[in-house]
Amino acid sequence: MHSRIVLVGFSGAGKSTIARKIARQLNYEVIDTDKMLEEKYRISVDAIFEKYGELVFRQLEQQTLVEALKQENVVIATGGGAPCFFDAMKLINENACSIYVEMSPKSLTQRLSHAKVARPLTKNKTEEELLAFITEQLALRTPIYQQAHLTVKGEDFDLQNLIQRLDDEMMR
């Protein structure tokens, strides 16, 4: 079994929840890169976006990912855009087993419009605007997400099936 597993996918796809389930099953630690970044810099992701803009956030996010990838026996849940900047997907694939948590734009819209915590790029949008934004962003990000070693459906996630596939992937 690989000592690092990284989950990628759009915001709201369930990466953090799935990361916790995998970690529990494998007795690994969970790292949520957004939470790690917030703890390290003592500022929320939202506040970084507002005060410093997306570029500064992406740079800090990349540094946080690099740090997380130095850990062993971890399941890492990345922010939705993390793999899409600074060749991060390549870095992830070279240092971990990557899993794309795939969801349809419609499912993501449902989840994000009812989320308790608003995400910086999706807050203050109507449901129609949110669907259009997600559809557009997914079109750009999907080719990057699809570079992951494995893909799972976020809508009907099956932990045991994924654990089996991880075992198979590690045997290669």
# chains A, B, ... in the order shown; residues from 1 in each chain; ligands from 1
$ closest_atom_pairs --of "stretch 6-49 of chain A" --to "stretch 110-130 of chain A" --cutoff "9 Å" --atoms "only C-alpha atoms" --output "tab-separated table"
residue	atom	partner	partner_atom	distance
A:Ser11	CA	A:Arg119	CA	7.8
A:Gly12	CA	A:Leu112	CA	5.9
A:Ala13	CA	A:Arg111	CA	8.0
A:Val45	CA	A:Pro120	CA	7.5
A:Asp46	CA	A:Pro120	CA	5.3
A:Ala47	CA	A:Pro120	CA	8.7
A:Phe49	CA	A:Pro120	CA	6.8
$ write_last_selection --atoms "all heavy atoms" --output "PDB file, in the first residue's frame"
ATOM      1  N   SER A  11     -14.305  21.453  -5.734  1.00  0.00           N
ATOM      2  CA  SER A  11     -14.795  21.860  -4.424  1.00  0.00           C
ATOM      3  C   SER A  11     -16.192  21.285  -4.214  1.00  0.00           C
ATOM      4  O   SER A  11     -17.038  21.380  -5.100  1.00  0.00           O
ATOM      5  CB  SER A  11     -14.836  23.396  -4.389  1.00  0.00           C
ATOM      6  OG  SER A  11     -15.202  23.858  -3.131  1.00  0.00           O
ATOM      7  N   GLY A  12     -16.413  20.651  -3.063  1.00  0.00           N
ATOM      8  CA  GLY A  12     -17.724  20.087  -2.783  1.00  0.00           C
ATOM      9  C   GLY A  12     -17.904  18.649  -3.221  1.00  0.00           C
ATOM     10  O   GLY A  12     -18.961  18.054  -3.000  1.00  0.00           O
ATOM     11  N   ALA A  13     -16.875  18.053  -3.838  1.00  0.00           N
ATOM     12  CA  ALA A  13     -16.999  16.676  -4.338  1.00  0.00           C
ATOM     13  C   ALA A  13     -16.966  15.642  -3.222  1.00  0.00           C
ATOM     14  O   ALA A  13     -17.314  14.482  -3.438  1.00  0.00           O
ATOM     15  CB  ALA A  13     -15.899  16.381  -5.359  1.00  0.00           C
ATOM     16  N   VAL A  45      -8.942  30.628   4.338  1.00  0.00           N
ATOM     17  CA  VAL A  45      -8.781  30.623   2.883  1.00  0.00           C
ATOM     18  C   VAL A  45      -9.547  31.803   2.287  1.00  0.00           C
ATOM     19  O   VAL A  45      -9.040  32.521   1.421  1.00  0.00           O
ATOM     20  CB  VAL A  45      -9.269  29.270   2.301  1.00  0.00           C
ATOM     21  CG1 VAL A  45      -9.433  29.344   0.794  1.00  0.00           C
ATOM     22  CG2 VAL A  45      -8.303  28.161   2.683  1.00  0.00           C
ATOM     23  N   ASP A  46     -10.761  32.001   2.792  1.00  0.00           N
ATOM     24  CA  ASP A  46     -11.602  33.112   2.339  1.00  0.00           C
ATOM     25  C   ASP A  46     -10.891  34.464   2.504  1.00  0.00           C
ATOM     26  O   ASP A  46     -10.876  35.286   1.581  1.00  0.00           O
ATOM     27  CB  ASP A  46     -12.891  33.104   3.164  1.00  0.00           C
ATOM     28  CG  ASP A  46     -14.113  33.468   2.349  1.00  0.00           C
ATOM     29  OD1 ASP A  46     -14.057  33.353   1.114  1.00  0.00           O
ATOM     30  OD2 ASP A  46     -15.111  33.879   2.967  1.00  0.00           O
ATOM     31  N   ALA A  47     -10.296  34.670   3.674  1.00  0.00           N
ATOM     32  CA  ALA A  47      -9.600  35.935   3.959  1.00  0.00           C
ATOM     33  C   ALA A  47      -8.371  36.114   3.075  1.00  0.00           C
ATOM     34  O   ALA A  47      -8.070  37.236   2.637  1.00  0.00           O
ATOM     35  CB  ALA A  47      -9.213  36.010   5.431  1.00  0.00           C
ATOM     36  N   PHE A  49      -8.027  34.984   0.003  1.00  0.00           N
ATOM     37  CA  PHE A  49      -8.587  35.381  -1.293  1.00  0.00           C
ATOM     38  C   PHE A  49      -8.947  36.864  -1.290  1.00  0.00           C
ATOM     39  O   PHE A  49      -8.608  37.590  -2.221  1.00  0.00           O
ATOM     40  CB  PHE A  49      -9.835  34.555  -1.621  1.00  0.00           C
ATOM     41  CG  PHE A  49      -9.585  33.396  -2.529  1.00  0.00           C
ATOM     42  CD1 PHE A  49      -9.142  32.185  -2.023  1.00  0.00           C
ATOM     43  CD2 PHE A  49      -9.784  33.504  -3.900  1.00  0.00           C
ATOM     44  CE1 PHE A  49      -8.912  31.103  -2.865  1.00  0.00           C
ATOM     45  CE2 PHE A  49      -9.558  32.429  -4.748  1.00  0.00           C
ATOM     46  CZ  PHE A  49      -9.117  31.221  -4.221  1.00  0.00           C
TER      47      PHE A  49
END
$ residues_around --residues "A:Glu169" --least-positions-apart "4" --cutoff "12 Å" --atoms "only C-alpha atoms" --output "number ranges by chain"
A: 1-2, 5, 96-99, 148-151, 162-165
$ residues_around --residues "stretch 18-20 of chain A" --least-positions-apart "2" --cutoff "7 Å" --atoms "only C-alpha atoms" --output "MDAnalysis selection string"
chainID A and resid 14:16 22:24 30 75:77
$ closest_atom_pairs --of "stretch 16-53 of chain A" --to "stretch 59-68 of chain A" --cutoff "10 Å" --atoms "only C-alpha atoms" --output "Markdown table"
| residue | atom | partner | partner_atom | distance |
| --- | --- | --- | --- | --- |
| A:Val30 | CA | A:Ala68 | CA | 10.0 |
| A:Ile31 | CA | A:Ala68 | CA | 7.1 |
| A:Asp32 | CA | A:Ala68 | CA | 8.9 |
| A:Thr33 | CA | A:Thr64 | CA | 6.3 |
| A:Asp34 | CA | A:Glu61 | CA | 7.4 |
| A:Lys35 | CA | A:Thr64 | CA | 9.9 |
| A:Met36 | CA | A:Thr64 | CA | 7.1 |
| A:Leu37 | CA | A:Thr64 | CA | 6.1 |
| A:Glu38 | CA | A:Glu61 | CA | 9.9 |
| A:Lys40 | CA | A:Thr64 | CA | 8.8 |
| A:Tyr41 | CA | A:Leu60 | CA | 9.1 |
| A:Val45 | CA | A:Glu61 | CA | 9.5 |
| A:Ile48 | CA | A:Leu60 | CA | 9.5 |
$ write_last_selection --atoms "all heavy atoms" --output "mmCIF file, in the first residue's frame"
data_model
loop_
_atom_site.group_PDB
_atom_site.id
_atom_site.type_symbol
_atom_site.label_atom_id
_atom_site.label_comp_id
_atom_site.auth_asym_id
_atom_site.auth_seq_id
_atom_site.Cartn_x
_atom_site.Cartn_y
_atom_site.Cartn_z
ATOM 1 N N VAL A 30 -5.055 11.992 8.324
ATOM 2 C CA VAL A 30 -5.709 12.787 7.282
ATOM 3 C C VAL A 30 -5.102 14.176 7.288
ATOM 4 O O VAL A 30 -4.915 14.773 8.344
ATOM 5 C CB VAL A 30 -7.227 12.925 7.543
ATOM 6 C CG1 VAL A 30 -7.866 13.842 6.501
ATOM 7 C CG2 VAL A 30 -7.902 11.582 7.526
ATOM 8 N N ILE A 31 -4.785 14.665 6.097
ATOM 9 C CA ILE A 31 -4.343 16.059 5.958
ATOM 10 C C ILE A 31 -5.287 16.729 4.977
ATOM 11 O O ILE A 31 -5.460 16.263 3.856
ATOM 12 C CB ILE A 31 -2.898 16.167 5.435
ATOM 13 C CG1 ILE A 31 -1.907 15.558 6.423
ATOM 14 C CG2 ILE A 31 -2.548 17.636 5.149
ATOM 15 C CD1 ILE A 31 -0.465 15.545 5.923
ATOM 16 N N ASP A 32 -5.926 17.809 5.418
ATOM 17 C CA ASP A 32 -6.745 18.636 4.538
ATOM 18 C C ASP A 32 -5.873 19.864 4.265
ATOM 19 O O ASP A 32 -5.567 20.616 5.186
ATOM 20 C CB ASP A 32 -8.038 19.006 5.260
ATOM 21 C CG ASP A 32 -8.963 19.843 4.405
ATOM 22 O OD1 ASP A 32 -8.507 20.903 3.904
ATOM 23 O OD2 ASP A 32 -10.131 19.467 4.252
ATOM 24 N N THR A 33 -5.441 20.037 3.025
ATOM 25 C CA THR A 33 -4.470 21.111 2.740
ATOM 26 C C THR A 33 -5.027 22.493 3.048
ATOM 27 O O THR A 33 -4.270 23.366 3.479
ATOM 28 C CB THR A 33 -3.942 21.059 1.291
ATOM 29 O OG1 THR A 33 -5.038 21.109 0.373
ATOM 30 C CG2 THR A 33 -3.106 19.804 1.054
ATOM 31 N N ASP A 34 -6.335 22.714 2.861
ATOM 32 C CA ASP A 34 -6.914 24.014 3.212
ATOM 33 C C ASP A 34 -6.801 24.265 4.716
ATOM 34 O O ASP A 34 -6.399 25.346 5.144
ATOM 35 C CB ASP A 34 -8.380 24.118 2.776
ATOM 36 C CG ASP A 34 -8.535 24.390 1.277
ATOM 37 O OD1 ASP A 34 -7.515 24.663 0.599
ATOM 38 O OD2 ASP A 34 -9.682 24.338 0.792
ATOM 39 N N LYS A 35 -7.145 23.249 5.518
ATOM 40 C CA LYS A 35 -7.055 23.397 6.988
ATOM 41 C C LYS A 35 -5.599 23.580 7.419
ATOM 42 O O LYS A 35 -5.302 24.387 8.302
ATOM 43 C CB LYS A 35 -7.660 22.179 7.683
ATOM 44 C CG LYS A 35 -9.175 22.170 7.666
ATOM 45 C CD LYS A 35 -9.723 21.093 8.605
ATOM 46 C CE LYS A 35 -11.222 21.132 8.673
ATOM 47 N NZ LYS A 35 -11.879 20.405 7.601
ATOM 48 N N MET A 36 -4.706 22.822 6.795
ATOM 49 C CA MET A 36 -3.275 22.913 7.115
ATOM 50 C C MET A 36 -2.762 24.335 6.839
ATOM 51 O O MET A 36 -2.048 24.924 7.650
ATOM 52 C CB MET A 36 -2.500 21.883 6.279
ATOM 53 C CG MET A 36 -1.040 21.765 6.581
ATOM 54 S SD MET A 36 -0.341 20.436 5.527
ATOM 55 C CE MET A 36 1.406 20.711 5.811
ATOM 56 N N LEU A 37 -3.171 24.867 5.696
ATOM 57 C CA LEU A 37 -2.780 26.224 5.306
ATOM 58 C C LEU A 37 -3.345 27.247 6.305
ATOM 59 O O LEU A 37 -2.623 28.143 6.751
ATOM 60 C CB LEU A 37 -3.297 26.493 3.888
ATOM 61 C CG LEU A 37 -2.833 27.736 3.161
ATOM 62 C CD1 LEU A 37 -2.896 27.501 1.661
ATOM 63 C CD2 LEU A 37 -3.666 28.938 3.495
ATOM 64 N N GLU A 38 -4.605 27.098 6.667
ATOM 65 C CA GLU A 38 -5.241 28.035 7.609
ATOM 66 C C GLU A 38 -4.554 28.002 8.969
ATOM 67 O O GLU A 38 -4.343 29.047 9.588
ATOM 68 C CB GLU A 38 -6.735 27.715 7.761
ATOM 69 C CG GLU A 38 -7.538 28.078 6.527
ATOM 70 C CD GLU A 38 -9.025 27.734 6.635
ATOM 71 O OE1 GLU A 38 -9.407 26.880 7.463
ATOM 72 O OE2 GLU A 38 -9.801 28.325 5.864
ATOM 73 N N LYS A 40 -1.397 26.998 9.594
ATOM 74 C CA LYS A 40 -0.029 27.496 9.471
ATOM 75 C C LYS A 40 0.022 29.025 9.420
ATOM 76 O O LYS A 40 0.854 29.653 10.065
ATOM 77 C CB LYS A 40 0.644 26.909 8.232
ATOM 78 C CG LYS A 40 2.093 27.354 8.078
ATOM 79 C CD LYS A 40 2.776 26.708 6.903
ATOM 80 C CE LYS A 40 4.208 27.209 6.811
ATOM 81 N NZ LYS A 40 4.917 26.587 5.701
ATOM 82 N N TYR A 41 -0.857 29.630 8.621
ATOM 83 C CA TYR A 41 -0.816 31.084 8.417
ATOM 84 C C TYR A 41 -1.807 31.842 9.293
ATOM 85 O O TYR A 41 -1.867 33.062 9.239
ATOM 86 C CB TYR A 41 -1.020 31.425 6.933
ATOM 87 C CG TYR A 41 0.106 30.871 6.085
ATOM 88 C CD1 TYR A 41 -0.067 29.707 5.343
ATOM 89 C CD2 TYR A 41 1.354 31.495 6.056
ATOM 90 C CE1 TYR A 41 0.969 29.179 4.580
ATOM 91 C CE2 TYR A 41 2.398 30.972 5.299
ATOM 92 C CZ TYR A 41 2.197 29.810 4.566
ATOM 93 O OH TYR A 41 3.238 29.296 3.827
ATOM 94 N N VAL A 45 -8.942 30.628 4.338
ATOM 95 C CA VAL A 45 -8.781 30.623 2.883
ATOM 96 C C VAL A 45 -9.547 31.803 2.287
ATOM 97 O O VAL A 45 -9.040 32.521 1.421
ATOM 98 C CB VAL A 45 -9.269 29.270 2.301
ATOM 99 C CG1 VAL A 45 -9.433 29.344 0.794
ATOM 100 C CG2 VAL A 45 -8.303 28.161 2.683
ATOM 101 N N ILE A 48 -7.666 35.025 2.787
ATOM 102 C CA ILE A 48 -6.493 35.114 1.894
ATOM 103 C C ILE A 48 -6.952 35.593 0.515
ATOM 104 O O ILE A 48 -6.361 36.504 -0.068
ATOM 105 C CB ILE A 48 -5.755 33.760 1.777
ATOM 106 C CG1 ILE A 48 -5.159 33.348 3.124
ATOM 107 C CG2 ILE A 48 -4.655 33.841 0.715
ATOM 108 C CD1 ILE A 48 -4.658 31.911 3.178
#
$ residues_around --residues "A:Leu131" --least-positions-apart "3" --cutoff "8 Å" --atoms "only C-alpha atoms" --output "list in words"
Pro105, Lys106, Thr109, Glu127, Glu128, Ile134 and Thr135 of chain A
$ write_last_selection --atoms "all heavy atoms" --output "PDB file, in the first residue's frame"
ATOM      1  N   PRO A 105     -21.639  18.388 -12.721  1.00  0.00           N
ATOM      2  CA  PRO A 105     -21.877  19.791 -12.376  1.00  0.00           C
ATOM      3  C   PRO A 105     -23.170  19.978 -11.580  1.00  0.00           C
ATOM      4  O   PRO A 105     -23.215  20.772 -10.641  1.00  0.00           O
ATOM      5  CB  PRO A 105     -21.964  20.491 -13.731  1.00  0.00           C
ATOM      6  CG  PRO A 105     -21.165  19.637 -14.653  1.00  0.00           C
ATOM      7  CD  PRO A 105     -21.370  18.224 -14.157  1.00  0.00           C
ATOM      8  N   LYS A 106     -24.200  19.215 -11.925  1.00  0.00           N
ATOM      9  CA  LYS A 106     -25.489  19.328 -11.244  1.00  0.00           C
ATOM     10  C   LYS A 106     -25.371  18.913  -9.769  1.00  0.00           C
ATOM     11  O   LYS A 106     -25.856  19.604  -8.878  1.00  0.00           O
ATOM     12  CB  LYS A 106     -26.525  18.466 -11.966  1.00  0.00           C
ATOM     13  CG  LYS A 106     -27.946  18.837 -11.637  1.00  0.00           C
ATOM     14  CD  LYS A 106     -28.924  18.131 -12.551  1.00  0.00           C
ATOM     15  CE  LYS A 106     -30.325  18.596 -12.202  1.00  0.00           C
ATOM     16  NZ  LYS A 106     -31.312  18.322 -13.186  1.00  0.00           N
ATOM     17  N   THR A 109     -23.350  21.518  -7.890  1.00  0.00           N
ATOM     18  CA  THR A 109     -24.172  22.717  -7.663  1.00  0.00           C
ATOM     19  C   THR A 109     -25.086  22.500  -6.464  1.00  0.00           C
ATOM     20  O   THR A 109     -25.182  23.368  -5.592  1.00  0.00           O
ATOM     21  CB  THR A 109     -25.000  23.069  -8.925  1.00  0.00           C
ATOM     22  OG1 THR A 109     -24.089  23.291 -10.009  1.00  0.00           O
ATOM     23  CG2 THR A 109     -25.833  24.315  -8.709  1.00  0.00           C
ATOM     24  N   GLU A 127     -28.097  29.906  -7.946  1.00  0.00           N
ATOM     25  CA  GLU A 127     -27.921  28.514  -8.352  1.00  0.00           C
ATOM     26  C   GLU A 127     -27.573  28.404  -9.839  1.00  0.00           C
ATOM     27  O   GLU A 127     -26.731  27.601 -10.224  1.00  0.00           O
ATOM     28  CB  GLU A 127     -29.168  27.690  -8.009  1.00  0.00           C
ATOM     29  CG  GLU A 127     -28.833  26.229  -7.840  1.00  0.00           C
ATOM     30  CD  GLU A 127     -29.788  25.466  -6.938  1.00  0.00           C
ATOM     31  OE1 GLU A 127     -30.160  25.985  -5.875  1.00  0.00           O
ATOM     32  OE2 GLU A 127     -30.142  24.347  -7.327  1.00  0.00           O
ATOM     33  N   GLU A 128     -28.194  29.251 -10.674  1.00  0.00           N
ATOM     34  CA  GLU A 128     -27.915  29.230 -12.116  1.00  0.00           C
ATOM     35  C   GLU A 128     -26.476  29.682 -12.387  1.00  0.00           C
ATOM     36  O   GLU A 128     -25.775  29.088 -13.202  1.00  0.00           O
ATOM     37  CB  GLU A 128     -28.877  30.130 -12.899  1.00  0.00           C
ATOM     38  CG  GLU A 128     -30.320  29.669 -12.914  1.00  0.00           C
ATOM     39  CD  GLU A 128     -31.074  29.952 -11.605  1.00  0.00           C
ATOM     40  OE1 GLU A 128     -30.798  31.001 -10.970  1.00  0.00           O
ATOM     41  OE2 GLU A 128     -31.909  29.130 -11.218  1.00  0.00           O
ATOM     42  N   ILE A 134     -19.467  26.274 -12.333  1.00  0.00           N
ATOM     43  CA  ILE A 134     -18.937  24.922 -12.122  1.00  0.00           C
ATOM     44  C   ILE A 134     -18.712  24.221 -13.454  1.00  0.00           C
ATOM     45  O   ILE A 134     -17.673  23.599 -13.678  1.00  0.00           O
ATOM     46  CB  ILE A 134     -19.885  24.098 -11.212  1.00  0.00           C
ATOM     47  CG1 ILE A 134     -19.830  24.653  -9.784  1.00  0.00           C
ATOM     48  CG2 ILE A 134     -19.519  22.622 -11.234  1.00  0.00           C
ATOM     49  CD1 ILE A 134     -20.918  24.114  -8.862  1.00  0.00           C
ATOM     50  N   THR A 135     -19.685  24.331 -14.350  1.00  0.00           N
ATOM     51  CA  THR A 135     -19.578  23.694 -15.664  1.00  0.00           C
ATOM     52  C   THR A 135     -18.353  24.214 -16.415  1.00  0.00           C
ATOM     53  O   THR A 135     -17.577  23.432 -16.976  1.00  0.00           O
ATOM     54  CB  THR A 135     -20.872  23.931 -16.484  1.00  0.00           C
ATOM     55  OG1 THR A 135     -21.974  23.423 -15.727  1.00  0.00           O
ATOM     56  CG2 THR A 135     -20.813  23.249 -17.830  1.00  0.00           C
TER      57      THR A 135
END
$ select_by_dssp --residues "stretch 3-165 of chain A" --states "strand (DSSP E or B)" --output "list in words"
Arg4, Ile5, Val6, Leu7, Val8, Glu29, Val30, Ile31, Asp32, Val74, Val75, Ile76, Ala77, Cys97, Ser98, Ile99, Tyr100, Val101, Glu102, Leu150, Thr151, Val152 and Lys153 of chain A
$ select_by_dssp --residues "stretch 58-153 of chain A" --states "helix (DSSP H, G or I)" --output "count of residues only"
50
$ closest_residue --among "A:Gln146, A:Gln137, A:Asn27, A:Asn161" --to "A:Tyr100" --atoms "only C-alpha atoms"
A:Gln146
$ atom_distance --atom1 "atom CA of A:Tyr145" --atom2 "atom CA of A:Leu26"
23.5 Å
$ atom_distance --atom1 "atom CA of A:Gly154" --atom2 "atom CA of A:Phe133"
19.0 Å
$ atom_distance --atom1 "atom CA of A:Ala139" --atom2 "atom CA of A:Tyr52"
26.3 Å
